[in-house]
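> File name coords-v8.txt; file contents compact mmCIF, C-alpha atoms and all ligand atoms; full text below.
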# COMPACT_ATOMS: atom_id res chain seq x y z
CA MET A 1 27.48 50.01 59.70
CA LYS A 2 29.20 52.69 57.67
CA ILE A 3 30.92 52.01 54.38
CA ILE A 4 33.98 54.20 53.90
CA LYS A 5 35.61 54.55 50.50
CA THR A 6 38.24 57.27 50.86
CA VAL A 7 40.94 58.34 53.28
CA GLU A 8 39.24 61.74 53.75
CA GLN A 9 35.96 60.07 54.70
CA TRP A 10 37.77 57.85 57.20
CA LYS A 11 39.57 60.87 58.72
CA GLU A 12 36.23 62.62 59.36
CA ASN A 13 34.87 59.54 61.13
CA TYR A 14 38.14 58.81 62.92
CA SER A 15 38.17 62.27 64.51
CA LEU A 16 34.96 61.29 66.34
CA ILE A 17 36.17 57.88 67.59
CA LYS A 18 39.92 58.30 68.09
CA ASN A 19 39.63 57.94 71.84
CA TYR A 20 38.01 54.53 71.52
CA LYS A 21 39.90 51.27 71.24
CA ILE A 22 39.87 50.35 67.54
CA GLY A 23 40.18 46.78 66.26
CA PHE A 24 41.00 46.19 62.59
CA VAL A 25 40.57 43.12 60.38
CA PRO A 26 42.04 43.44 56.87
CA THR A 27 40.50 41.09 54.28
CA MET A 28 40.23 40.66 50.53
CA GLY A 29 36.52 39.78 50.73
CA GLY A 30 34.87 36.45 49.92
CA LEU A 31 34.15 36.27 53.62
CA HIS A 32 33.76 32.96 55.46
CA GLU A 33 33.93 31.65 59.03
CA GLY A 34 37.71 32.08 59.04
CA HIS A 35 37.29 35.83 58.56
CA THR A 36 34.31 36.09 60.89
CA SER A 37 36.26 34.41 63.71
CA LEU A 38 38.78 37.28 63.52
CA ILE A 39 35.99 39.86 63.37
CA ARG A 40 34.16 38.38 66.39
CA LYS A 41 37.39 38.51 68.39
CA SER A 42 37.90 42.13 67.41
CA ILE A 43 34.34 43.02 68.42
CA GLU A 44 34.89 41.31 71.80
CA GLU A 45 38.19 43.07 72.48
CA ASN A 46 37.58 46.59 71.10
CA GLN A 47 35.00 49.35 71.21
CA ILE A 48 35.08 49.91 67.45
CA THR A 49 35.73 47.32 64.75
CA VAL A 50 36.85 48.22 61.23
CA VAL A 51 36.98 45.57 58.48
CA SER A 52 38.69 46.38 55.21
CA ILE A 53 37.69 44.71 51.98
CA TYR A 54 40.33 45.31 49.36
CA LEU A 55 41.38 42.84 46.70
CA ASN A 56 44.97 44.02 46.57
CA PRO A 57 46.34 43.56 43.04
CA THR A 58 49.99 44.11 44.00
CA GLN A 59 50.10 40.84 45.95
CA PHE A 60 48.89 38.75 42.99
CA ASN A 61 51.62 37.53 40.68
CA ASP A 62 49.06 35.46 38.74
CA LYS A 63 46.60 37.68 36.85
CA ASN A 64 44.08 34.89 36.43
CA ASP A 65 44.05 34.23 40.18
CA LEU A 66 43.19 37.91 40.72
CA LEU A 67 40.52 37.99 38.00
CA THR A 68 38.77 34.86 39.26
CA TYR A 69 39.01 35.67 42.99
CA PRO A 70 35.62 34.64 44.42
CA ALA A 71 34.40 37.71 46.32
CA ASN A 72 31.08 39.57 46.19
CA PHE A 73 30.96 42.95 47.93
CA GLU A 74 27.17 42.95 48.58
CA ASP A 75 27.25 39.44 50.12
CA ASP A 76 30.24 40.43 52.26
CA CYS A 77 28.50 43.59 53.51
CA LYS A 78 25.44 41.56 54.56
CA ILE A 79 27.68 39.30 56.65
CA LEU A 80 29.47 42.28 58.23
CA ASP A 81 26.22 44.09 58.95
CA LYS A 82 24.83 41.04 60.76
CA LEU A 83 27.98 40.84 62.88
CA ASN A 84 27.51 44.49 63.90
CA VAL A 85 30.78 45.70 62.45
CA ASP A 86 31.06 49.49 62.82
CA PHE A 87 32.98 50.40 59.66
CA VAL A 88 33.83 48.75 56.36
CA PHE A 89 36.78 50.33 54.58
CA ALA A 90 36.50 49.53 50.87
CA PRO A 91 38.99 51.65 48.92
CA THR A 92 39.83 51.59 45.22
CA TYR A 93 43.32 51.16 43.75
CA ASP A 94 43.69 54.95 43.33
CA VAL A 95 42.90 55.53 47.00
CA ILE A 96 45.47 52.98 48.20
CA TYR A 97 48.12 53.64 45.57
CA PRO A 98 48.30 57.40 44.89
CA ASP A 99 51.97 56.64 44.08
CA ASN A 100 50.95 53.87 41.63
CA TYR A 101 53.05 51.43 43.74
CA LYS A 102 56.32 53.32 43.27
CA TYR A 103 56.98 52.98 46.99
CA VAL A 104 57.30 49.41 48.25
CA ILE A 105 57.92 47.79 51.65
CA SER A 106 60.16 44.77 51.30
CA GLU A 107 61.62 42.12 53.59
CA LYS A 108 64.80 40.43 52.42
CA GLU A 109 64.89 37.01 54.06
CA PHE A 110 61.81 35.08 55.21
CA SER A 111 59.67 36.68 52.46
CA LYS A 112 61.85 34.95 49.86
CA LEU A 113 61.01 31.46 51.19
CA LEU A 114 57.85 29.31 50.97
CA CYS A 115 55.09 31.34 49.24
CA GLY A 116 57.63 34.06 48.40
CA ALA A 117 59.79 31.65 46.40
CA THR A 118 57.09 30.82 43.85
CA ARG A 119 55.06 34.03 44.10
CA PRO A 120 57.71 36.69 43.49
CA GLY A 121 56.65 40.08 44.83
CA HIS A 122 53.71 38.61 46.77
CA PHE A 123 54.92 39.67 50.20
CA ASP A 124 56.07 43.08 48.95
CA GLY A 125 52.43 43.64 47.99
CA VAL A 126 51.17 42.33 51.34
CA LEU A 127 53.60 44.34 53.49
CA THR A 128 53.02 47.51 51.50
CA VAL A 129 49.23 47.34 51.58
CA VAL A 130 49.11 46.49 55.29
CA MET A 131 51.47 49.37 56.12
CA LYS A 132 49.20 51.71 54.16
CA LEU A 133 46.05 50.35 55.83
CA PHE A 134 47.61 50.70 59.30
CA ASN A 135 48.64 54.30 58.52
CA ILE A 136 45.12 55.14 57.33
CA ILE A 137 42.99 53.34 59.94
CA LYS A 138 45.35 53.78 62.94
CA PRO A 139 44.00 50.76 64.82
CA ASN A 140 45.06 49.75 68.33
CA ASN A 141 44.71 46.03 67.58
CA ALA A 142 44.85 44.16 64.27
CA TYR A 143 43.73 40.57 63.75
CA PHE A 144 45.39 38.04 61.41
CA GLY A 145 44.79 34.33 60.83
CA GLU A 146 47.45 31.67 61.35
CA LYS A 147 46.18 30.14 58.10
CA ASP A 148 48.65 32.57 56.50
CA TYR A 149 51.34 31.93 59.08
CA GLN A 150 54.24 33.23 56.99
CA GLN A 151 52.27 36.41 56.36
CA TYR A 152 51.60 36.79 60.09
CA LYS A 153 55.31 36.38 60.99
CA LEU A 154 56.34 38.90 58.31
CA LEU A 155 53.79 41.43 59.59
CA GLU A 156 55.04 40.88 63.13
CA GLY A 157 58.51 41.76 61.79
CA LEU A 158 57.13 44.84 60.00
CA VAL A 159 55.59 46.18 63.22
CA LYS A 160 58.91 45.75 65.05
CA ALA A 161 61.10 47.08 62.23
CA PHE A 162 59.08 50.28 61.76
CA PHE A 163 58.04 50.81 65.41
CA LEU A 164 54.37 50.67 64.41
CA ASP A 165 51.99 51.49 67.23
CA VAL A 166 49.63 48.56 66.71
CA LYS A 167 49.26 45.22 68.47
CA LEU A 168 48.96 42.17 66.19
CA ILE A 169 46.73 39.38 67.38
CA PRO A 170 47.22 35.96 65.77
CA CYS A 171 44.05 33.88 65.47
CA PRO A 172 43.77 30.08 65.09
CA ILE A 173 42.97 28.43 61.75
CA ILE A 174 39.27 27.71 61.29
CA ARG A 175 38.66 24.37 59.56
CA GLU A 176 35.78 22.34 58.19
CA ASP A 177 35.01 19.15 60.18
CA SER A 178 37.06 17.34 57.54
CA GLY A 179 40.11 19.40 58.50
CA LEU A 180 40.05 21.56 55.36
CA ALA A 181 41.19 25.09 56.25
CA LEU A 182 38.48 27.55 55.21
CA SER A 183 39.59 29.71 52.30
CA SER A 184 37.83 31.95 49.79
CA ARG A 185 39.58 29.95 47.07
CA ASN A 186 37.83 26.72 48.19
CA ARG A 187 34.80 28.11 46.31
CA LYS A 188 36.68 27.51 43.09
CA LEU A 189 36.88 23.75 43.74
CA SER A 190 34.39 21.13 42.49
CA LYS A 191 32.51 18.94 45.02
CA GLU A 192 35.03 16.18 44.37
CA GLY A 193 37.87 18.70 44.74
CA ILE A 194 36.63 19.76 48.18
CA LYS A 195 36.76 16.13 49.32
CA ILE A 196 40.31 15.69 48.04
CA ALA A 197 41.40 19.08 49.44
CA SER A 198 40.54 17.98 52.97
CA LYS A 199 43.33 15.40 52.68
CA ILE A 200 45.96 18.15 52.93
CA HIS A 201 45.40 18.65 56.63
CA GLN A 202 44.88 14.95 57.29
CA ILE A 203 48.21 14.15 55.61
CA ILE A 204 50.36 16.97 56.99
CA SER A 205 49.18 16.38 60.56
CA SER A 206 49.79 12.60 60.36
CA ASP A 207 52.83 10.85 61.89
CA ASN A 208 54.47 10.07 58.53
CA SER A 209 57.88 11.34 57.41
CA LEU A 210 58.11 14.52 55.35
CA GLU A 211 58.94 12.46 52.25
CA ASP A 212 55.96 10.15 52.81
CA LYS A 213 53.65 13.15 53.31
CA GLU A 214 54.84 14.62 50.03
CA ASN A 215 54.20 11.33 48.18
CA MET A 216 50.78 10.93 49.81
CA LEU A 217 49.80 14.41 48.58
CA ILE A 218 51.02 13.63 45.05
CA ASN A 219 49.12 10.31 45.06
CA ALA A 220 45.98 12.11 46.25
CA GLY A 221 46.17 14.28 43.12
CA PHE A 222 47.93 17.46 44.29
CA THR A 223 50.70 19.25 42.43
CA ILE A 224 53.06 20.32 45.17
CA ASP A 225 54.39 23.87 45.24
CA TYR A 226 56.32 23.26 48.47
CA ILE A 227 56.17 21.16 51.60
CA THR A 228 58.76 22.49 54.03
CA GLN A 229 59.45 22.30 57.73
CA ILE A 230 60.85 25.44 59.37
CA GLU A 231 61.47 25.22 63.08
CA LYS A 232 58.49 23.38 64.54
CA ARG A 233 56.02 24.17 61.77
CA LEU A 234 55.21 22.33 58.56
CA TYR A 235 54.10 24.53 55.68
CA VAL A 236 52.48 23.33 52.48
CA ALA A 237 51.21 24.88 49.26
CA ALA A 238 49.69 22.65 46.60
CA PHE A 239 47.55 22.98 43.50
CA LEU A 240 44.30 21.08 42.99
CA GLU A 241 42.05 21.68 39.96
CA GLY A 242 44.30 24.68 39.22
CA VAL A 243 43.53 26.23 42.62
CA ARG A 244 46.45 27.03 44.92
CA LEU A 245 45.78 25.90 48.49
CA ILE A 246 47.97 26.54 51.55
CA ASP A 247 48.00 25.12 55.05
CA ASN A 248 50.37 24.71 57.99
CA VAL A 249 50.54 22.77 61.24
CA GLU A 250 52.64 22.99 64.36
CA LEU A 251 54.62 19.79 64.85
CA LYS A 252 54.89 18.17 68.27
P1 LIG B 301 42.25 37.12 53.12
O1 LIG B 301 40.90 37.67 52.84
O2 LIG B 301 42.50 35.77 52.52
O3 LIG B 301 43.38 38.10 52.89
O4 LIG B 301 42.27 36.83 54.69
C1 LIG B 301 42.05 37.85 55.62
C2 LIG B 301 42.44 37.37 56.98
O5 LIG B 301 41.67 36.22 57.34
C3 LIG B 301 43.93 36.92 57.04
O6 LIG B 301 44.48 37.36 58.28
C4 LIG B 301 43.82 35.43 56.98
O7 LIG B 301 44.90 34.75 57.60
C5 LIG B 301 42.52 35.18 57.75
N1 LIG B 301 41.97 33.86 57.41
C6 LIG B 301 41.63 33.40 56.18
N2 LIG B 301 41.20 32.12 56.26
C7 LIG B 301 41.27 31.77 57.56
C8 LIG B 301 40.97 30.58 58.30
N3 LIG B 301 40.51 29.48 57.72
N4 LIG B 301 41.16 30.60 59.64
C9 LIG B 301 41.63 31.71 60.27
N5 LIG B 301 41.93 32.85 59.63
C10 LIG B 301 41.75 32.89 58.31
Starting from the coordinates I provided, produce the structure as structure tokens.
Ligand code: AMP

Amino acid sequence: MKIIKTVEQWKENYSLIKNYKIGFVPTMGGLHEGHTSLIRKSIEENQITVVSIYLNPTQFNDKNDLLTYPANFEDDCKILDKLNVDFVFAPTYDVIYPDNYKYVISEKEFSKLLCGATRPGHFDGVLTVVMKLFNIIKPNNAYFGEKDYQQYKLLEGLVKAFFLDVKLIPCPIIREDSGLALSSRNRKLSKEGIKIASKIHQIISSDNSLEDKENMLINAGFTIDYITQIEKRLYVAAFLEGVRLIDNVELK
């Protein structure tokens, strides 16, 4: 497994593998089974797999959330090495933002709803960094989790809007047996918090009305950011022990 830190280094390696099918999995580190499910799929479906680890500051509107993000580069590299990933792309801010974020990719509608409503600028940061990563890595296939369903739909729109030559592959949400969606941020919860957090999925996938689901979450101890149905999907973001958790389910 090769660790690549700069665009120039990637270009040298890319020139040797550009005729292979390249799968790409962008992450912010703090790897867990949710991430590894995407990586395994990429390894199955491509000849080369590249995983990026980049804690992208432009998508964090809360400084403390960024500073306390639970990721350890050495631990992540051990996991990736065991999986037989070919390349890890781990750039710094200066590598990704030579323009110091003067140029921004923005979407005007769906990005303003749900997570975009309470995290202003979040999706600008996501769309911009993913566009940059696609332009650098030039993958054939890129893998994204449905855990971040709004993000996935916005990236699907980005690919169409800018005629990007990459195929996006949505991957199912990986959950604990309790139903809790795996997330790097779960590491910030106490033992008791983990138990309570698993109620999110239990409640949102129950047969209750939207209003009842909201009240059940509040009674369980969550501070709701939003619980919203759009088309056939129910999206929720809620705080527990100061940690922001998101989940979504497809409604029947
Ligand atoms: P992140 O490191 O949080 O930016 O996530 C990197 C990728 O992993 C994104 O495409 C996420 O949607 C995906 N991901 C994170 N958690 C899960 C999960 N529990 N199940 C499936 N995909 C996930």
> Using all atoms listed in the file for the distances, tell me which of A:Phe110, A:Phe163, A:Phe24, A:Tyr103 is nearest to ligand LIG 301 (chain B).
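Closest to ligand LIG 301 (chain B) of all the choices is A:Phe24.
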> Counting only C-alpha atoms, which residue out of A:His122, A:Lys252, A:Lys5, A:Lys21 sits closest to A:Asn61?
A:His122
> Set the distance at 8 Å and use all atoms listed in the file: which residues neighbour stretch 139-144 of chain A once local chain neighbours fewer than 2 positions away are removed? I'd like the list as a tab-separated table (two decimals) with C-alpha atoms, in the frame of the given file.

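Final output, saved to out_21.tsv:
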chain	number	residue	atom	x	y	z
A	21	LYS	CA	39.90	51.27	71.24
A	22	ILE	CA	39.87	50.35	67.54
A	23	GLY	CA	40.18	46.78	66.26
A	24	PHE	CA	41.00	46.19	62.59
A	25	VAL	CA	40.57	43.12	60.38
A	26	PRO	CA	42.04	43.44	56.87
A	38	LEU	CA	38.78	37.28	63.52
A	39	ILE	CA	35.99	39.86	63.37
A	42	SER	CA	37.90	42.13	67.41
A	46	ASN	CA	37.58	46.59	71.10
A	134	PHE	CA	47.61	50.70	59.30
A	137	ILE	CA	42.99	53.34	59.94
A	146	GLU	CA	47.45	31.67	61.35
A	152	TYR	CA	51.60	36.79	60.09
A	165	ASP	CA	51.99	51.49	67.23
A	166	VAL	CA	49.63	48.56	66.71
A	167	LYS	CA	49.26	45.22	68.47
A	168	LEU	CA	48.96	42.17	66.19
A	169	ILE	CA	46.73	39.38	67.38
A	170	PRO	CA	47.22	35.96	65.77
A	171	CYS	CA	44.05	33.88	65.47
> Contacts of A:Asp225 at 12 Å or less, counting only C-alpha atoms, minus same-chain residues fewer than 3 places along, as a list in words?
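Residues near the query, excluding close chain neighbours: Leu113, Leu114, Cys115, Gly116, Ala117, Thr118, Arg119, Glu214, Leu217, Ile218, Phe222, Thr228, Tyr235, Val236, Ala237, Ala238, Phe239, Leu240, Gly242, Val243, Arg244, Leu245, Ile246 and Asp247 of chain A.
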> Write out as a PyMOL selection string each polymer residue whose atoms come within 9 Å of A:Gly121, counting only C-alpha atoms; drop sequence neighbours fewer than 2 positions from it.
chain A and resi 58-61+106+111-112+116+119+123-126
> Tell me which of A:Lys41, A:Arg233, A:Lys63, A:Lys82 sits closest to ligand LIG 301 (chain B), counting all atoms listed in the file.
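Counting all atoms listed in the file, the residue closest to ligand LIG 301 (chain B) is A:Lys41.
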> May I have the residues within 6 Å of ligand LIG 301 (chain B), computed using all atoms listed in the file, as a VMD selection string?
chain A and resid 26 to 29 34 to 35 144 to 148 172 to 175 181 to 183
> May I ask which of the residues A:Gln229, A:Asn186, A:Ser205, A:Gln150 is the closest one to A:Glu241, counting only C-alpha atoms?
A:Asn186
> Atom CA of A:Gln9 and atom CA of A:Asp81, how far apart in Å?
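Separation of atom CA of A:Asp81 and atom CA of A:Gln9: 19.2 Å.
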